[in-house]
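Chemist: Sending over a structure as structure tokens; questions will come in a sec.
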Amino acid sequence: MSNTAATRRSAALTEGPSRAPARAMFKAVGFDDAALQKPLIGVANTWIEIGPCNFHLRQLAEQVKRGIREAGGTPMEFNTVSISDGITMGSEGMRASLVSREVIADSIELVVRGNQFDGVVVLVGCDKTIPGGVMALARLNIPGVILYGGSIAPGTWEGRDVTIQDVFEAVGAHGAGKITDTQLKTLEDQACPGAGACGGQFTANTMATVCEFLGISPMGSASVPATDIGKDAVAERAGQLVMGVLSRGDTARKILTKDAIENAIAAVAATGGSTNAVLHLLAIAHEAEVSLTLEDFDRISSQVPLLADLKPGGKFVATDLYRAGGITLVAKRLLNAGLLHRNALTVTGRTLEDEASDAQETPGQEVVRPFDNPLKPTGGLVILRGNLAPDGCVVKVAGYTTVHHCGPAKVFDSEEAAFDAVGRGGIVAGDVVVIRNEGPKGGPGMREMLAVTAAIVGAGLGDSVALLTDGRFSGATRGLMAGHVAPEAVDGGPIAAVRDGDTVVFDIEKRMLNVELSGDEIAKRVQAWQRLAPRYASGVMAKYARLVSSAATGAVT
């Protein structure tokens with residue numbers, strides 16, 4: 001037995017005469033005796049060639065493996081699934097997106113447990129790969145690092161920077177006759193110039209920010225864009241870094257603490273991040289066995305100012321943030337204001353405070369505001385409750401100033417029905433669009449509603465129409481939109497009781513979402529409501545619908 005075998009989980013797979021068959025099979029694919037006597041490090045890759053977000057991860061994995069070898073480990077790469085949210089958005093395929101989060105976590109867990117790896121680096125890109133990877137590390141509780149592939153560069157259209165958000169909104173503008181066929185086609189051709197995840201502070205970049213503030217990604221790594229010349233060095237360092245985490249014995253749950261999760265919530269609030277962060281952080285906390293509720297998000301967001309002027313509510317994209325000083329600069333702002341737990345541990349072995357002290361602010365940058373001159377005095381997320389959402393719902397208020405909306409409901413039992421109504425002019429100023437049967441169980445899969453919300457904005461109704469749904473939103477969504485309404489319709493939530501013409505009231509300051517109906521009337525309508533037949537009778541979608549929990553608890557299975 002090698003000198004290090006007693007401290008290696010993988011020794012149970014590779015050491016001793018009884019393991020000769022396993023070693024024989026490893027040798028068939030190129031691992032020799034020397035390699036098998038070193039710590040075995042899984043490199044979990046979410047590479048696909050379907051869409052830009054994960055397209056470059058195959059090449060990036062080679063740099064990660066180089067770093068692992070340099071630091072004395074043996075890398076073993078494996079792949080898992082990914083669903084491109086941007087491609088599937090607005091289609092039946094979008095139902096698979098949130099389901100994939102659980103499949104990603106499950107598959108990483110299974111491969112790591114099956115091969116008894118000593119540590120793991122998870123390469124992530126599109127939205128659900130990031131929380132799925134963190135959830136797997138929390139379950140496994142072994143040394144691990146998350147490496148984000150980085151953001152796409154912005155496209156250029158009619159003299160300005162554009163992202164995929166602009167394309168979705170242009171669909172609405174085109175439908176309203178505001179842009180021509182040629183303009184839409186040109187925008188389509190120019191919006192996404194290469195590899196990398198969607199460029200605003202949408203869900204992918206929000207969750208990449210979260211990972212740095214959790215400490216499970218090295219500070220400064222996520223900000224480096226996908227096609228930047230420095231990304232290979234970031235990947236190589238991640239490979240070296242996991243060996244340091246292993247040598248210190250810093251397992252994932254030593255890093256994924258309540259303090260770390262609260263730091264991540266503060267980062268989402270300060271950057272105007274995606275409402276999906278609520279869903280995913282609840283799920284991560286669940287896997288890490290950390291107590292977390294919706295009230296924690298509202299409490300922290302109410303204390304943290306909105307500092308980063310990022311799309312979809314602001315002016316700038318992720319590459320602009322990188323040039324300004326990156327996520328590290330945001331961390332330094334919040335630490336200097338006393339809004340973070342400064343002693344939280346990170347994968348580098350240093351504290352979050354130590355990491356943030358390395359921030360270098362570009363003179364004259366306008367992306368991250370000074371603490372005494374924020375975009376807003378409080379953060380970008382609020383939690384509403386009321387007789388329409390007794391278990392809560394999430395609203396992103398970054399880039400939006402309206403704090404009260406009262407209007408008649410326009411009720412739809414699917415995203416497609418609502419999208420069609422927008423396209424034919426069936427939604428008018430003052431309306432409250434209600435989309436139900438799109439929750440975790442009812443969808444199933446809790447589709448994002450970017451096609452609808454962007455069409456509303458593109459039609460010029462973004463400031464005059466509100467929307468609520470038991471589904472969820474893309475990080476690119478903007479406007480007065482309440483998602484994750486719980487309980488969902490299929491569970492008999494009050495959203496099932498709403499009818500066309502009912503008056504719905506959003507009150508952000510009071511944190512309320514109500515329909516002007518008595519409790520008795522709501523109960524009567526819910527009792528009479530006919531649940532729709534399940535969309536799937538078999539397969540993974542049906543299984544997910546049977547197992548998934550409420551959005552209020554993270555939609556975990």
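A note on labels: chains of the structure tokens are A, B, ... as shown, every chain counts residues from 1, and ligands are counted from 1 in their shown order.
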Find the nearest atom pair between each residue of segment 72-128 of chain A and segment 473-494 of chain A for residues within 9 Å, count only C-alpha atoms, give distances in Å to one decimal, sort rows by chain and ascending number, and present the table as a tab-separated table.
Modeler:
residue	atom	partner	partner_atom	distance
A:Asp85	CA	A:Ser474	CA	8.4
A:Gly86	CA	A:Ser474	CA	9.0
A:Met89	CA	A:Ser474	CA	8.8
Chemist: For Gly273 of chain A, work out the shell of residues within 6 Å, counting only C-alpha atoms and skipping chain neighbours fewer than 2 positions away, then give it as JSON, numbers by chain.
Modeler: {"A": [201, 206, 268, 271]}
Chemist: Restricting the output to all heavy atoms, write the selected residues as an mmCIF file, in the first residue's frame.
Modeler:
data_model
loop_
_atom_site.group_PDB
_atom_site.id
_atom_site.type_symbol
_atom_site.label_atom_id
_atom_site.label_comp_id
_atom_site.auth_asym_id
_atom_site.auth_seq_id
_atom_site.Cartn_x
_atom_site.Cartn_y
_atom_site.Cartn_z
ATOM 1 N N GLN A 201 -26.538 40.460 -15.548
ATOM 2 C CA GLN A 201 -26.617 39.817 -14.226
ATOM 3 C C GLN A 201 -27.888 38.973 -14.204
ATOM 4 O O GLN A 201 -28.795 39.159 -13.410
ATOM 5 C CB GLN A 201 -26.601 40.869 -13.099
ATOM 6 C CG GLN A 201 -26.345 40.320 -11.708
ATOM 7 C CD GLN A 201 -24.955 39.741 -11.502
ATOM 8 O OE1 GLN A 201 -24.232 39.504 -12.462
ATOM 9 N NE2 GLN A 201 -24.568 39.507 -10.261
ATOM 10 N N THR A 206 -25.490 35.647 -11.894
ATOM 11 C CA THR A 206 -25.897 35.782 -10.491
ATOM 12 C C THR A 206 -25.379 34.615 -9.671
ATOM 13 O O THR A 206 -24.806 34.789 -8.583
ATOM 14 C CB THR A 206 -27.429 35.836 -10.380
ATOM 15 O OG1 THR A 206 -27.910 37.016 -11.038
ATOM 16 C CG2 THR A 206 -27.878 35.880 -8.926
ATOM 17 N N VAL A 268 -26.355 38.981 -4.061
ATOM 18 C CA VAL A 268 -27.473 39.019 -5.007
ATOM 19 C C VAL A 268 -28.210 40.351 -4.887
ATOM 20 O O VAL A 268 -28.554 40.988 -5.898
ATOM 21 C CB VAL A 268 -28.436 37.838 -4.759
ATOM 22 C CG1 VAL A 268 -29.665 37.942 -5.668
ATOM 23 C CG2 VAL A 268 -27.729 36.506 -4.987
ATOM 24 N N THR A 271 -26.181 43.336 -6.366
ATOM 25 C CA THR A 271 -25.941 43.329 -7.813
ATOM 26 C C THR A 271 -27.214 43.263 -8.638
ATOM 27 O O THR A 271 -27.141 43.163 -9.867
ATOM 28 C CB THR A 271 -25.040 42.135 -8.194
ATOM 29 O OG1 THR A 271 -25.682 40.909 -7.815
ATOM 30 C CG2 THR A 271 -23.674 42.237 -7.517
#
Chemist: Give me, as JSON lines, the closest atom pair and its distance (Å, one decimal) for every residue of segment 309-423 of chain A within a cut-off of 7 Å of segment 211-217 of chain A, counting only C-alpha atoms, rows sorted by chain and rising number.
Modeler:
{"residue": "A:Leu345", "atom": "CA", "partner": "A:Gly215", "partner_atom": "CA", "distance": 6.4}
{"residue": "A:Thr346", "atom": "CA", "partner": "A:Gly215", "partner_atom": "CA", "distance": 3.9}
{"residue": "A:Val347", "atom": "CA", "partner": "A:Ile216", "partner_atom": "CA", "distance": 5.7}
Chemist: Quick check, in Å to one decimal: how far apart do atom CA of Asp420 of chain A and atom CA of Lys178 of chain A lie?
Modeler: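 Answer for the atom CA of Asp420 of chain A to atom CA of Lys178 of chain A separation: 17.6 Å.
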Chemist: May I ask which of the residues A:Gly30, A:Gly132, A:Gly471, A:Pro193 is the closest one to Asp413 of chain A, counting only C-alpha atoms?
Modeler: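 The answer is A:Gly471, which sits nearest to Asp413 of chain A.
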Chemist: Please list as a ChimeraX atom specification every residue within 8 Å of Ala545 of chain A, counting only C-alpha atoms and excluding residues in the same chain fewer than 6 positions away.
Modeler: /A:440-442,444-445
Chemist: Ranking A:Ala267, A:Val64, A:Ile142, A:Val433 by minimum distance to Arg248 of chain A and counting only C-alpha atoms, which one comes first?
Modeler: A:Ile142
Chemist: Could you tell me, as a count of residues only, which residues of segment 242-432 of chain A DSSP assigns to strand (DSSP E) when given the backbone?
Modeler: 19
Chemist: Quick one: of A:Ala451, A:Thr275, A:Thr362, A:Val111, who's nearest to Lys396 of chain A, counting only C-alpha atoms?
Modeler: A:Thr275
Chemist: Between A:Cys406, A:Ile229, A:Ala344, A:Leu187, which one has atoms that come closest to Ala260 of chain A, using only C-alpha atoms?
Modeler: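 Once distances to Ala260 of chain A are computed over only C-alpha atoms, the minimum belongs to A:Ala344.
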